$ cat structure.cif   # mmCIF, C-alpha atoms
data_protein
#
loop_
_atom_site.label_atom_id
_atom_site.label_comp_id
_atom_site.auth_asym_id
_atom_site.auth_seq_id
_atom_site.Cartn_x
_atom_site.Cartn_y
_atom_site.Cartn_z
CA MET A 1 -7.20 -20.09 18.47
CA ILE A 2 -4.31 -18.18 16.95
CA LEU A 3 -5.76 -18.37 13.44
CA ASP A 4 -8.80 -16.46 14.66
CA ARG A 5 -6.55 -13.46 15.35
CA PHE A 6 -5.87 -13.21 11.63
CA ARG A 7 -9.58 -12.96 10.77
CA LEU A 8 -11.02 -9.66 9.56
CA ASP A 9 -14.72 -10.47 9.81
CA GLY A 10 -16.84 -7.34 10.23
CA LYS A 11 -13.98 -5.03 9.22
CA ALA A 12 -13.92 -2.54 6.36
CA ALA A 13 -10.76 -1.63 4.45
CA VAL A 14 -9.78 1.16 2.08
CA VAL A 15 -7.12 0.17 -0.47
CA THR A 16 -5.67 2.74 -2.86
CA GLY A 17 -4.29 1.74 -6.24
CA ALA A 18 -6.59 -1.27 -6.06
CA ALA A 19 -7.50 -1.74 -9.71
CA ARG A 20 -4.56 -4.00 -10.49
CA GLY A 21 -1.18 -5.30 -9.35
CA LEU A 22 -0.13 -5.12 -5.72
CA GLY A 23 -3.18 -3.15 -4.59
CA ARG A 24 -5.67 -5.55 -6.11
CA ALA A 25 -3.88 -8.57 -4.65
CA MET A 26 -3.84 -7.03 -1.17
CA ALA A 27 -7.50 -6.05 -1.47
CA GLU A 28 -8.43 -9.59 -2.42
CA GLY A 29 -6.33 -10.97 0.44
CA LEU A 30 -8.14 -8.75 2.93
CA ALA A 31 -11.48 -9.87 1.51
CA GLU A 32 -10.50 -13.54 1.80
CA ALA A 33 -9.74 -12.86 5.48
CA GLY A 34 -13.27 -11.46 5.91
CA ALA A 35 -13.11 -7.70 5.21
CA ASP A 36 -15.30 -5.61 2.96
CA VAL A 37 -13.20 -3.35 0.75
CA ALA A 38 -13.35 0.11 -0.81
CA LEU A 39 -11.29 -0.06 -4.00
CA VAL A 40 -9.76 3.35 -4.75
CA ASP A 41 -8.17 4.09 -8.10
CA VAL A 42 -8.17 6.45 -11.07
CA LEU A 43 -8.48 3.29 -13.20
CA ASP A 44 -11.57 1.10 -13.55
CA THR A 45 -11.96 -1.17 -10.52
CA ALA A 46 -14.77 -3.31 -11.97
CA GLU A 47 -12.66 -6.48 -12.30
CA ALA A 48 -11.32 -6.21 -8.75
CA LYS A 49 -14.83 -5.53 -7.46
CA SER A 50 -16.16 -8.59 -9.25
CA ALA A 51 -13.36 -10.79 -7.89
CA ILE A 52 -14.10 -9.71 -4.32
CA GLY A 53 -17.80 -10.29 -4.86
CA LYS A 54 -17.02 -13.88 -5.83
CA ILE A 55 -15.15 -14.26 -2.54
CA GLY A 56 -18.41 -13.35 -0.81
CA ARG A 57 -17.44 -9.94 0.50
CA LYS A 58 -18.79 -6.49 -0.32
CA ALA A 59 -16.70 -4.19 -2.48
CA VAL A 60 -17.23 -0.64 -3.68
CA GLY A 61 -15.22 1.11 -6.36
CA ILE A 62 -14.23 4.71 -5.67
CA HIS A 63 -12.85 6.68 -8.59
CA ALA A 64 -10.28 9.15 -7.27
CA ASP A 65 -7.35 11.14 -8.60
CA LEU A 66 -4.72 10.70 -5.92
CA SER A 67 -2.49 13.38 -7.40
CA SER A 68 -4.50 15.88 -5.34
CA ILE A 69 -5.21 15.76 -1.62
CA GLN A 70 -8.75 16.94 -2.39
CA CYS A 71 -9.62 13.26 -2.88
CA ALA A 72 -9.17 12.42 0.83
CA GLY A 73 -12.49 13.69 2.17
CA PRO A 74 -14.64 12.12 -0.56
CA ILE A 75 -12.87 8.75 -0.17
CA VAL A 76 -13.68 8.67 3.55
CA GLU A 77 -17.25 9.86 2.98
CA LYS A 78 -17.98 7.33 0.21
CA THR A 79 -16.53 4.46 2.24
CA LEU A 80 -18.61 5.34 5.28
CA GLU A 81 -21.69 5.74 3.12
CA THR A 82 -21.31 2.33 1.49
CA LEU A 83 -19.46 0.18 4.03
CA GLY A 84 -20.43 1.96 7.24
CA ARG A 85 -16.99 2.06 8.83
CA ILE A 86 -13.23 2.19 8.21
CA ASP A 87 -10.98 -0.15 10.17
CA ILE A 88 -8.06 -0.57 7.75
CA LEU A 89 -6.30 1.78 5.34
CA VAL A 90 -3.80 0.45 2.81
CA ASN A 91 -1.88 3.33 1.20
CA ASN A 92 -0.71 1.44 -1.84
CA ALA A 93 -1.11 3.80 -4.80
CA GLY A 94 2.14 5.00 -6.28
CA ILE A 95 3.87 5.99 -9.50
CA ILE A 96 7.46 6.10 -10.71
CA ARG A 97 9.37 8.23 -13.23
CA ARG A 98 12.80 7.35 -14.58
CA ALA A 99 15.51 9.72 -15.86
CA PRO A 100 19.11 10.66 -14.99
CA ILE A 101 19.52 13.41 -12.39
CA GLN A 102 20.70 15.93 -14.97
CA GLU A 103 17.54 15.38 -17.06
CA PHE A 104 14.93 14.96 -14.33
CA THR A 105 12.09 17.50 -14.59
CA GLU A 106 10.17 19.36 -11.92
CA LYS A 107 6.95 17.79 -13.20
CA ASP A 108 8.34 14.28 -12.77
CA TRP A 109 9.40 15.26 -9.26
CA ASP A 110 6.05 16.76 -8.27
CA ASP A 111 3.87 14.08 -9.86
CA VAL A 112 5.57 11.31 -7.89
CA ILE A 113 5.83 13.19 -4.59
CA ASN A 114 2.17 14.24 -4.72
CA ILE A 115 0.83 10.70 -5.03
CA ASN A 116 3.44 8.66 -3.18
CA GLN A 117 4.00 11.00 -0.25
CA LYS A 118 1.65 13.98 0.04
CA THR A 119 -1.69 12.27 -0.56
CA LEU A 120 -0.57 9.27 1.49
CA PHE A 121 -0.15 11.58 4.48
CA PHE A 122 -3.36 13.55 4.06
CA LEU A 123 -5.52 10.50 3.34
CA THR A 124 -4.10 8.88 6.47
CA GLN A 125 -4.91 12.07 8.37
CA ALA A 126 -8.53 11.98 7.17
CA VAL A 127 -8.96 8.28 7.98
CA ALA A 128 -7.24 8.61 11.36
CA LYS A 129 -9.64 11.39 12.36
CA GLU A 130 -12.55 9.03 11.67
CA MET A 131 -10.89 6.15 13.53
CA ILE A 132 -10.23 8.39 16.54
CA ARG A 133 -13.80 9.72 16.43
CA LYS A 134 -15.23 6.19 16.51
CA GLY A 135 -12.78 5.06 19.22
CA ARG A 136 -12.29 1.55 17.85
CA GLY A 137 -8.66 1.91 16.81
CA GLY A 138 -7.54 0.72 13.41
CA LYS A 139 -4.73 -0.33 11.12
CA VAL A 140 -2.78 1.72 8.57
CA ILE A 141 -0.50 -0.10 6.14
CA ASN A 142 1.76 1.93 3.87
CA THR A 143 3.50 0.58 0.78
CA ALA A 144 7.18 1.42 1.08
CA SER A 145 9.91 0.04 -1.19
CA LEU A 146 13.41 -1.39 -1.27
CA LEU A 147 14.30 2.22 -2.07
CA SER A 148 13.14 3.15 1.39
CA PHE A 149 16.41 1.42 2.39
CA GLN A 150 18.57 2.00 -0.68
CA GLY A 151 19.28 4.81 -3.14
CA GLY A 152 18.67 3.18 -6.48
CA ILE A 153 19.44 4.89 -9.79
CA LEU A 154 17.43 7.03 -12.22
CA VAL A 155 14.44 7.42 -9.87
CA PRO A 156 15.17 10.42 -7.60
CA SER A 157 11.57 11.41 -6.80
CA TYR A 158 10.56 7.79 -6.22
CA THR A 159 13.49 7.21 -3.86
CA ALA A 160 12.72 10.44 -2.01
CA SER A 161 9.05 9.55 -1.66
CA LYS A 162 9.63 5.99 -0.50
CA SER A 163 12.26 7.09 2.01
CA ALA A 164 9.62 9.50 3.30
CA VAL A 165 7.05 6.71 3.51
CA MET A 166 9.23 4.77 5.93
CA GLY A 167 9.86 7.89 8.02
CA LEU A 168 6.19 8.87 8.04
CA THR A 169 5.24 5.34 9.04
CA ARG A 170 7.34 5.76 12.17
CA LEU A 171 6.03 9.25 12.92
CA MET A 172 2.39 8.28 12.41
CA ALA A 173 2.86 5.18 14.54
CA ASN A 174 4.23 7.31 17.38
CA GLU A 175 1.32 9.74 17.29
CA LEU A 176 -1.52 7.32 16.59
CA ALA A 177 -0.57 4.39 18.85
CA PRO A 178 -2.20 6.05 21.90
CA HIS A 179 -5.48 5.94 19.94
CA GLY A 180 -5.17 2.21 19.27
CA ILE A 181 -4.14 2.75 15.66
CA ASN A 182 -1.22 0.66 14.41
CA VAL A 183 0.80 2.09 11.52
CA ASN A 184 3.26 -0.16 9.70
CA ALA A 185 4.55 -0.57 6.15
CA ILE A 186 5.34 -3.26 3.63
CA ALA A 187 8.40 -2.84 1.40
CA PRO A 188 7.89 -5.04 -1.66
CA GLY A 189 10.95 -6.35 -3.41
CA TYR A 190 11.21 -6.60 -7.18
CA MET A 191 7.63 -7.47 -8.16
CA ALA A 192 6.31 -8.46 -11.56
CA THR A 193 4.00 -5.47 -12.08
CA GLU A 194 3.45 -2.77 -14.69
CA ASN A 195 5.91 -0.50 -12.82
CA THR A 196 8.74 -2.98 -13.42
CA ARG A 197 7.89 -3.98 -16.99
CA ALA A 198 10.79 -1.98 -18.45
CA LEU A 199 13.27 -3.68 -16.12
CA ARG A 200 11.93 -7.16 -16.84
CA GLU A 201 12.06 -6.56 -20.59
CA ASP A 202 15.72 -5.48 -20.43
CA PRO A 203 17.66 -8.79 -20.57
CA VAL A 204 20.77 -7.41 -18.88
CA ARG A 205 18.96 -5.62 -16.04
CA ASN A 206 16.51 -8.49 -15.57
CA GLN A 207 19.31 -11.04 -15.13
CA ALA A 208 21.30 -8.74 -12.84
CA ILE A 209 18.26 -8.37 -10.59
CA LEU A 210 17.52 -12.11 -10.53
CA ASP A 211 21.16 -12.86 -9.71
CA ARG A 212 20.85 -10.66 -6.58
CA ILE A 213 17.60 -12.20 -5.28
CA PRO A 214 18.26 -15.29 -3.12
CA ALA A 215 14.78 -16.63 -3.93
CA GLY A 216 15.79 -16.57 -7.60
CA ARG A 217 12.58 -15.06 -8.96
CA TRP A 218 10.56 -11.88 -9.26
CA GLY A 219 7.88 -11.53 -6.63
CA THR A 220 4.19 -11.71 -7.45
CA PRO A 221 1.42 -9.47 -6.09
CA GLU A 222 0.07 -12.47 -4.19
CA ASP A 223 3.34 -12.65 -2.24
CA LEU A 224 2.20 -9.55 -0.32
CA GLN A 225 -1.15 -10.92 0.81
CA GLY A 226 0.10 -12.68 3.94
CA ALA A 227 1.98 -9.66 5.26
CA CYS A 228 -0.95 -7.39 4.49
CA VAL A 229 -3.51 -9.56 6.27
CA PHE A 230 -1.18 -9.93 9.26
CA LEU A 231 -0.65 -6.16 9.58
CA ALA A 232 -4.40 -5.55 9.19
CA SER A 233 -5.38 -8.10 11.81
CA PRO A 234 -5.33 -8.34 15.63
CA ALA A 235 -2.31 -10.65 15.28
CA SER A 236 -0.14 -7.52 14.78
CA ASP A 237 -1.58 -5.43 17.61
CA TYR A 238 1.86 -4.89 19.21
CA MET A 239 3.60 -3.87 15.97
CA ASN A 240 4.06 -0.14 15.54
CA GLY A 241 6.16 1.83 13.06
CA TYR A 242 7.90 -1.09 11.39
CA THR A 243 8.61 -1.58 7.69
CA VAL A 244 8.50 -5.25 6.68
CA ALA A 245 10.45 -6.18 3.55
CA VAL A 246 8.88 -8.85 1.36
CA ASP A 247 11.73 -9.11 -1.08
CA GLY A 248 12.87 -12.69 -1.65
CA GLY A 249 15.95 -11.94 0.47
CA TRP A 250 17.23 -8.95 -1.57
CA LEU A 251 18.14 -6.84 1.46
CA ALA A 252 19.78 -9.80 3.18
CA ARG A 253 22.19 -10.36 0.29
#
$ encode --input "structure.cif" --output "structure tokens"
Amino acid sequence: MILDRFRLDGKAAVVTGAARGLGRAMAEGLAEAGADVALVDVLDTAEAKSAIGKIGRKAVGIHADLSSIQCAGPIVEKTLETLGRIDILVNNAGIIRRAPIQEFTEKDWDDVININQKTLFFLTQAVAKEMIRKGRGGKVINTASLLSFQGGILVPSYTASKSAVMGLTRLMANELAPHGINVNAIAPGYMATENTRALREDPVRNQAILDRIPAGRWGTPEDLQGACVFLASPASDYMNGYTVAVDGGWLAR
């Protein structure tokens, strides 16, 4: 049955930025499909862990500062210690800084690039080594952005990092496909999360954004669950290196 190919029973997933927002929603979606989940965040993951426990799946919280690549090894080790395997990696954690080009600081550049791009690569490297060692293949899902496709304004390091995420998704797919590892990305549209609070609270910007979205609304974290489960499941076994926009039609406008 086709629906069976979307099941994740017996699988273990690592989701970064899983304490709230998009990461928590994707983690819960994976759990509902049958996966146990390692919840990685610098924030407290207790609520997300409890929610997944109520679904009937195992969850472990891993406190990690993703601004440094030194977190990669411990994340893999803790997941293996508690869940016994890694089949799925969701590189969701990300931050954003806003300022005009002429005022943008080196710190705001480095802080965003380190989390959104550098650690994403090196955590994927660490997980891929384990997947290759076990020989069971796996799934890597990166969180891209509409700014993987567009330039945006006032967010130079975020745009640079998310453009890199789409490029790295392609590169990693090319290199890891021979090992049975699928690498794809999800590009969320304008989502109602903490990262977009300032935009939603600005009446002019909020209305301009809504006017551009054919669906006529901001997305919710739950809107990403279907795409995430699909890309994590056997149903997407012939998808490699693609970035799927879940954007209410923004890019089609």
$ resolve_selection --input "structure.cif" --expression "the PyMOL selection byres ((chain A and resi 120) around 12)" --output "ChimeraX atom specification"
/A:15-17,66-72,89-94,112-119,121-128,140-144,161-162,164-166,168-169,172
$ residues_around --input "structure.cif" --residues "segment 46-63 of chain A" --least-positions-apart "6" --cutoff "10 Å" --atoms "all atoms listed in the file" --output "number ranges by chain"
A: 9, 12-16, 18-20, 23-25, 27-40, 71, 74-75, 78-79, 82-83
$ closest_residue --input "structure.cif" --among "A:Ala185, A:Ala227, A:Ala208, A:Ala245" --to "Gly167 of chain A" --atoms "all atoms listed in the file"
A:Ala185
$ atom_distance --input "structure.cif" --atom1 "atom CA of Asp111 of chain A" --atom2 "atom CA of Asn240 of chain A"
29.1 Å
$ closest_residue --input "structure.cif" --among "A:Asp110, A:Ala192, A:Ala160, A:Ile132" --to "Leu176 of chain A" --atoms "all atoms listed in the file"
A:Ile132
$ closest_residue --input "structure.cif" --among "A:Ile96, A:Met26, A:Met1, A:Ala177" --to "Tyr238 of chain A" --atoms "all atoms listed in the file"
A:Ala177
$ closest_residue --input "structure.cif" --among "A:Arg170, A:Lys107, A:Arg85, A:Arg98" --to "Arg136 of chain A" --atoms "all atoms listed in the file"
A:Arg85
$ resolve_selection --input "structure.cif" --expression "the PyMOL selection byres ((chain A and resi 146-151) around 7)" --output "number ranges by chain"
A: 144-145, 152-153, 159, 162-163, 166, 187-189
$ atom_distance --input "structure.cif" --atom1 "atom CA of Ala232 of chain A" --atom2 "atom CA of His179 of chain A"
15.8 Å
$ axis_aligned_box --input "structure.cif" --around "segment 138-142 of chain A" --padding-each-side "6 Å" --output "lines of an AutoDock Vina configuration file"
center_x = -2.9
center_y = 0.8
center_z = 8.6
size_x = 21.3
size_y = 14.3
size_z = 21.5
$ atom_distance --input "structure.cif" --atom1 "atom CA of Arg5 of chain A" --atom2 "atom CA of Ser236 of chain A"
8.8 Å
$ residues_around --input "structure.cif" --residues "Leu22 of chain A" --least-positions-apart "5" --cutoff "8 Å" --atoms "all atoms listed in the file" --output "ChimeraX atom specification"
/A:92,193,221-222,224
$ residues_around --input "structure.cif" --residues "Met191 of chain A" --least-positions-apart "3" --cutoff "9 Å" --atoms "all atoms listed in the file" --output "number ranges by chain"
A: 22, 188, 195-196, 218-221, 223, 247
$ write_last_selection --input "structure.cif" --atoms "C-alpha atoms" --output "PDB file, in the frame of the given file"
ATOM      1  CA  LEU A  22      -0.130  -5.120  -5.720  1.00  0.00           C
ATOM      2  CA  PRO A 188       7.890  -5.040  -1.660  1.00  0.00           C
ATOM      3  CA  ASN A 195       5.910  -0.500 -12.820  1.00  0.00           C
ATOM      4  CA  THR A 196       8.740  -2.980 -13.420  1.00  0.00           C
ATOM      5  CA  TRP A 218      10.560 -11.880  -9.260  1.00  0.00           C
ATOM      6  CA  GLY A 219       7.880 -11.530  -6.630  1.00  0.00           C
ATOM      7  CA  THR A 220       4.190 -11.710  -7.450  1.00  0.00           C
ATOM      8  CA  PRO A 221       1.420  -9.470  -6.090  1.00  0.00           C
ATOM      9  CA  ASP A 223       3.340 -12.650  -2.240  1.00  0.00           C
ATOM     10  CA  ASP A 247      11.730  -9.110  -1.080  1.00  0.00           C
TER      11      ASP A 247
END
$ closest_residue --input "structure.cif" --among "A:Asp41, A:Gly135, A:Val155, A:Gly73" --to "Thr105 of chain A" --atoms "only C-alpha atoms"
A:Val155
$ resolve_selection --input "structure.cif" --expression "the PyMOL selection byres ((chain A and resi 211-214) around 12)" --output "mmCIF file with C-alpha atoms, in the coordinates of the input"
data_model
loop_
_atom_site.group_PDB
_atom_site.id
_atom_site.type_symbol
_atom_site.label_atom_id
_atom_site.label_comp_id
_atom_site.auth_asym_id
_atom_site.auth_seq_id
_atom_site.Cartn_x
_atom_site.Cartn_y
_atom_site.Cartn_z
ATOM 1 C CA GLY A 189 10.950 -6.350 -3.410
ATOM 2 C CA TYR A 190 11.210 -6.600 -7.180
ATOM 3 C CA MET A 191 7.630 -7.470 -8.160
ATOM 4 C CA VAL A 204 20.770 -7.410 -18.880
ATOM 5 C CA ARG A 205 18.960 -5.620 -16.040
ATOM 6 C CA ASN A 206 16.510 -8.490 -15.570
ATOM 7 C CA GLN A 207 19.310 -11.040 -15.130
ATOM 8 C CA ALA A 208 21.300 -8.740 -12.840
ATOM 9 C CA ILE A 209 18.260 -8.370 -10.590
ATOM 10 C CA LEU A 210 17.520 -12.110 -10.530
ATOM 11 C CA ALA A 215 14.780 -16.630 -3.930
ATOM 12 C CA GLY A 216 15.790 -16.570 -7.600
ATOM 13 C CA ARG A 217 12.580 -15.060 -8.960
ATOM 14 C CA TRP A 218 10.560 -11.880 -9.260
ATOM 15 C CA GLY A 219 7.880 -11.530 -6.630
ATOM 16 C CA VAL A 246 8.880 -8.850 1.360
ATOM 17 C CA ASP A 247 11.730 -9.110 -1.080
ATOM 18 C CA GLY A 248 12.870 -12.690 -1.650
ATOM 19 C CA GLY A 249 15.950 -11.940 0.470
ATOM 20 C CA TRP A 250 17.230 -8.950 -1.570
ATOM 21 C CA LEU A 251 18.140 -6.840 1.460
ATOM 22 C CA ALA A 252 19.780 -9.800 3.180
ATOM 23 C CA ARG A 253 22.190 -10.360 0.290
#
$ build_atoms --input "structure.cif" --residues "segment 221-232 of chain A" --atoms "N, CA and C atoms" --output "PDB file, in the coordinates of the input"
ATOM      1  N   PRO A 221       2.295 -10.223  -6.984  1.00  0.00           N
ATOM      2  CA  PRO A 221       1.420  -9.470  -6.090  1.00  0.00           C
ATOM      3  C   PRO A 221       0.873 -10.319  -4.949  1.00  0.00           C
ATOM      4  N   GLU A 222       0.612 -11.580  -5.228  1.00  0.00           N
ATOM      5  CA  GLU A 222       0.070 -12.470  -4.190  1.00  0.00           C
ATOM      6  C   GLU A 222       1.051 -12.700  -3.047  1.00  0.00           C
ATOM      7  N   ASP A 223       2.340 -12.478  -3.296  1.00  0.00           N
ATOM      8  CA  ASP A 223       3.340 -12.650  -2.240  1.00  0.00           C
ATOM      9  C   ASP A 223       3.155 -11.637  -1.105  1.00  0.00           C
ATOM     10  N   LEU A 224       2.408 -10.564  -1.350  1.00  0.00           N
ATOM     11  CA  LEU A 224       2.200  -9.550  -0.320  1.00  0.00           C
ATOM     12  C   LEU A 224       0.961  -9.812   0.535  1.00  0.00           C
ATOM     13  N   GLN A 225       0.124 -10.750   0.128  1.00  0.00           N
ATOM     14  CA  GLN A 225      -1.150 -10.920   0.810  1.00  0.00           C
ATOM     15  C   GLN A 225      -0.989 -11.329   2.276  1.00  0.00           C
ATOM     16  N   GLY A 226      -0.073 -12.230   2.556  1.00  0.00           N
ATOM     17  CA  GLY A 226       0.100 -12.680   3.940  1.00  0.00           C
ATOM     18  C   GLY A 226       0.523 -11.564   4.869  1.00  0.00           C
ATOM     19  N   ALA A 227       1.511 -10.772   4.430  1.00  0.00           N
ATOM     20  CA  ALA A 227       1.980  -9.660   5.260  1.00  0.00           C
ATOM     21  C   ALA A 227       0.877  -8.631   5.450  1.00  0.00           C
ATOM     22  N   CYS A 228       0.108  -8.380   4.399  1.00  0.00           N
ATOM     23  CA  CYS A 228      -0.950  -7.390   4.490  1.00  0.00           C
ATOM     24  C   CYS A 228      -2.039  -7.821   5.461  1.00  0.00           C
ATOM     25  N   VAL A 229      -2.477  -9.061   5.357  1.00  0.00           N
ATOM     26  CA  VAL A 229      -3.510  -9.560   6.270  1.00  0.00           C
ATOM     27  C   VAL A 229      -2.998  -9.542   7.708  1.00  0.00           C
ATOM     28  N   PHE A 230      -1.760  -9.950   7.910  1.00  0.00           N
ATOM     29  CA  PHE A 230      -1.180  -9.930   9.260  1.00  0.00           C
ATOM     30  C   PHE A 230      -1.199  -8.518   9.845  1.00  0.00           C
ATOM     31  N   LEU A 231      -0.728  -7.530   9.073  1.00  0.00           N
ATOM     32  CA  LEU A 231      -0.650  -6.160   9.580  1.00  0.00           C
ATOM     33  C   LEU A 231      -2.034  -5.529   9.749  1.00  0.00           C
ATOM     34  N   ALA A 232      -3.032  -6.062   9.065  1.00  0.00           N
ATOM     35  CA  ALA A 232      -4.400  -5.550   9.190  1.00  0.00           C
ATOM     36  C   ALA A 232      -5.175  -6.210  10.322  1.00  0.00           C
TER      37      ALA A 232
END
